[in-house]
Structure formats: structure tokens, C-alpha cells
Amino acid sequence: MHENVTVKQRVNAPIEKVWNALTDKAQMKEWYFDISDFELGIHNELNFFEPGDEKKYHHHGEILELIPNEKLKHTWSYPEFSKEKTIVKWELEKDGDETIVTITHKGLENFAHLGKDFQKESFQQGWNEILGEILKEFIEN
């Protein structure tokens with residue numbers, strides 16, 4: 001059985017503004033993660049850690065698909081803990097003057113062996129907070 005999380009959020013902003021928040025590393029640092037090596041391009045890799053000085057949970061990804069103002073898809077893994085990978089897909093859809101942002105995180109069963117911090121429920125809670133609260137507030141304020 002595939003363990004997937006999907007979260008949708010309507011944002012009161014044009015699609016271009018939302019896309020910039022998702023793909024500009026200076027903006028990403030303000031609401032998401034500090035991904036200093038982020039460069040938009042197919043097969044480009046990205047590395048980041050949980051916020052704070054602990055450097056907890058090294059995240060690694062590779063951009064798999066890129067359609068400006070529409071879709072960004074990348075792998076998501078924890079190389080220090082597992083060789084397994086999951087897929088995160090961000091999709092943007094224009095709805096009048098607003099944008100519907102959908103994030104889908106697929107393959108979470110690949111992390112089941114890593115313990116409670118890596119279960120589907122943890123990712124559901126995290127994406128709900130990131131998309132439903134933090135990103136929405138960052139873009140709308």
C-alpha cells in the first residue's frame with residue numbers, strides 16, 4: 001500500500017507570486033527551509049536541514065520536473081538514515097485572482113522503518129502547517 005499525503009491550500013495571490021515563493025531561495029528561507037544550494041533546473045540537487053543549529057535531519061532532493069508557474073517535482077530523502085526516496089510534487093492552479101497550491105508527498109511507506117518521526121501522520125501534520133499556515137501567511141501578508 002502506498003502512503004501518500006496530499007494537502008491543498010487556496011492562497012489570495014497571483015500564481016506568479018506563489019511560484020516565486022516556492023522557487024526563490026531568499027524567499028524560501030523566510031517561510032520554508034534555508035536551501036542555500038537551491039538552483040531551479042532539472043536534475044539539480046538540493047540539501048537542507050531542519051531549522052536550528054542542531055543540523056538535524058539532513059534532507060536531500062533532486063529536481064525531477066519543472067513547469068514554471070505550474071509544477072515542481074523533486075525527490076525527498078534522508079541520506080544519513082536510509083537509501084530510500086520519496087517524491088514531493090508542488091502544483092499551482094490559477095483560480096481567478098487566487099492560486100490553489102497542492103502538495104503531494106508520495107512513497108512515505110519507504111520511511112516506515114525510520115521510526116515515528118517519519119510516519120505518514122508526521123508528514124501530514126508538517127505539510128498542513130507548512131502549506132496551510134506558514135506559506136499562506138507569508139504570501140498574503
# chains A, B, ... in the order shown; residues from 1 in each chain; ligands from 1
call {"tool": "closest_atom_pairs", "arguments": {"of": "range 21-125 of chain A", "to": "range 3-7 of chain A", "cutoff": "12 Å", "atoms": "only C-alpha atoms", "output": "Markdown table"}}
result
| residue | atom | partner | partner_atom | distance |
| --- | --- | --- | --- | --- |
| A:Thr86 | CA | A:Asn4 | CA | 9.5 |
| A:Ile87 | CA | A:Asn4 | CA | 9.5 |
| A:Val88 | CA | A:Val5 | CA | 9.4 |
| A:Lys89 | CA | A:Thr6 | CA | 9.4 |
| A:Trp90 | CA | A:Val7 | CA | 9.8 |
| A:Glu91 | CA | A:Val7 | CA | 10.5 |
| A:Ile100 | CA | A:Val7 | CA | 10.4 |
| A:Val101 | CA | A:Val7 | CA | 8.2 |
| A:Thr102 | CA | A:Val7 | CA | 5.7 |
| A:Ile103 | CA | A:Val7 | CA | 5.4 |
| A:Thr104 | CA | A:Thr6 | CA | 4.4 |
| A:His105 | CA | A:Val5 | CA | 5.2 |
| A:Lys106 | CA | A:Asn4 | CA | 4.5 |
| A:Gly107 | CA | A:Glu3 | CA | 5.5 |
| A:Leu108 | CA | A:Glu3 | CA | 5.0 |
| A:Glu109 | CA | A:Glu3 | CA | 5.2 |
| A:Asn110 | CA | A:Glu3 | CA | 8.5 |
| A:Phe111 | CA | A:Glu3 | CA | 9.7 |
| A:Ala112 | CA | A:Glu3 | CA | 9.4 |
| A:Phe118 | CA | A:Glu3 | CA | 11.4 |
| A:Gln119 | CA | A:Glu3 | CA | 9.1 |
| A:Lys120 | CA | A:Glu3 | CA | 6.6 |
| A:Glu121 | CA | A:Val5 | CA | 8.6 |
| A:Ser122 | CA | A:Val5 | CA | 10.0 |
| A:Phe123 | CA | A:Val5 | CA | 7.2 |
| A:Gln124 | CA | A:Val5 | CA | 5.9 |
| A:Gln125 | CA | A:Val5 | CA | 9.6 |
call {"tool": "select_by_dssp", "arguments": {"residues": "range 6-136 of chain A", "states": "helix (DSSP H, G or I)", "output": "VMD selection string"}}
result
chain A and resid 15 to 23 25 to 31 108 to 114 116 to 118 120 to 136
call {"tool": "select_by_dssp", "arguments": {"residues": "chain A", "states": "strand (DSSP E)", "output": "MDAnalysis selection string"}}
result
chainID A and resid 5:11 45:48 59:67 71:77 85:95 98:106
call {"tool": "residues_around", "arguments": {"residues": "Pro51 in chain A", "least_positions_apart": "3", "cutoff": "12 Å", "atoms": "only C-alpha atoms", "output": "VMD selection string"}}
result
chain A and resid 29 to 35 48 54 to 59
call {"tool": "closest_residue", "arguments": {"among": "A:Val18, A:Leu135, A:Ala26, A:Ala13", "to": "Lys71 in chain A", "atoms": "only C-alpha atoms"}}
result
A:Val18
call {"tool": "atom_distance", "arguments": {"atom1": "CA of Asp37 in chain A", "atom2": "CA of Asp24 in chain A"}}
result
11.3 Å
call {"tool": "closest_residue", "arguments": {"among": "A:His2, A:His74, A:Lys116, A:Arg10", "to": "Leu40 in chain A", "atoms": "only C-alpha atoms"}}
result
A:His74
call {"tool": "residues_around", "arguments": {"residues": "His60 in chain A", "least_positions_apart": "2", "cutoff": "7 Å", "atoms": "only C-alpha atoms", "output": "list in words"}}
result
Leu46, Asn47, Phe48, His58, Trp76, Ser77, Tyr78 and Pro79 of chain A
call {"tool": "closest_residue", "arguments": {"among": "A:Gly41, A:Gly126, A:Gly96, A:Gly115", "to": "Leu66 in chain A", "atoms": "only C-alpha atoms"}}
result
A:Gly41
call {"tool": "atom_distance", "arguments": {"atom1": "CA of Lys25 in chain A", "atom2": "CA of Ile134 in chain A"}}
result
15.7 Å
call {"tool": "atom_distance", "arguments": {"atom1": "CA of Glu70 in chain A", "atom2": "CA of Leu92 in chain A"}}
result
4.8 Å
call {"tool": "closest_residue", "arguments": {"among": "A:Ile139, A:Glu84, A:Lys8, A:Ile63", "to": "Asn20 in chain A", "atoms": "only C-alpha atoms"}}
result
A:Ile139
call {"tool": "closest_residue", "arguments": {"among": "A:Thr75, A:Asn69, A:Thr23, A:Asn141", "to": "Lys94 in chain A", "atoms": "only C-alpha atoms"}}
result
A:Asn69
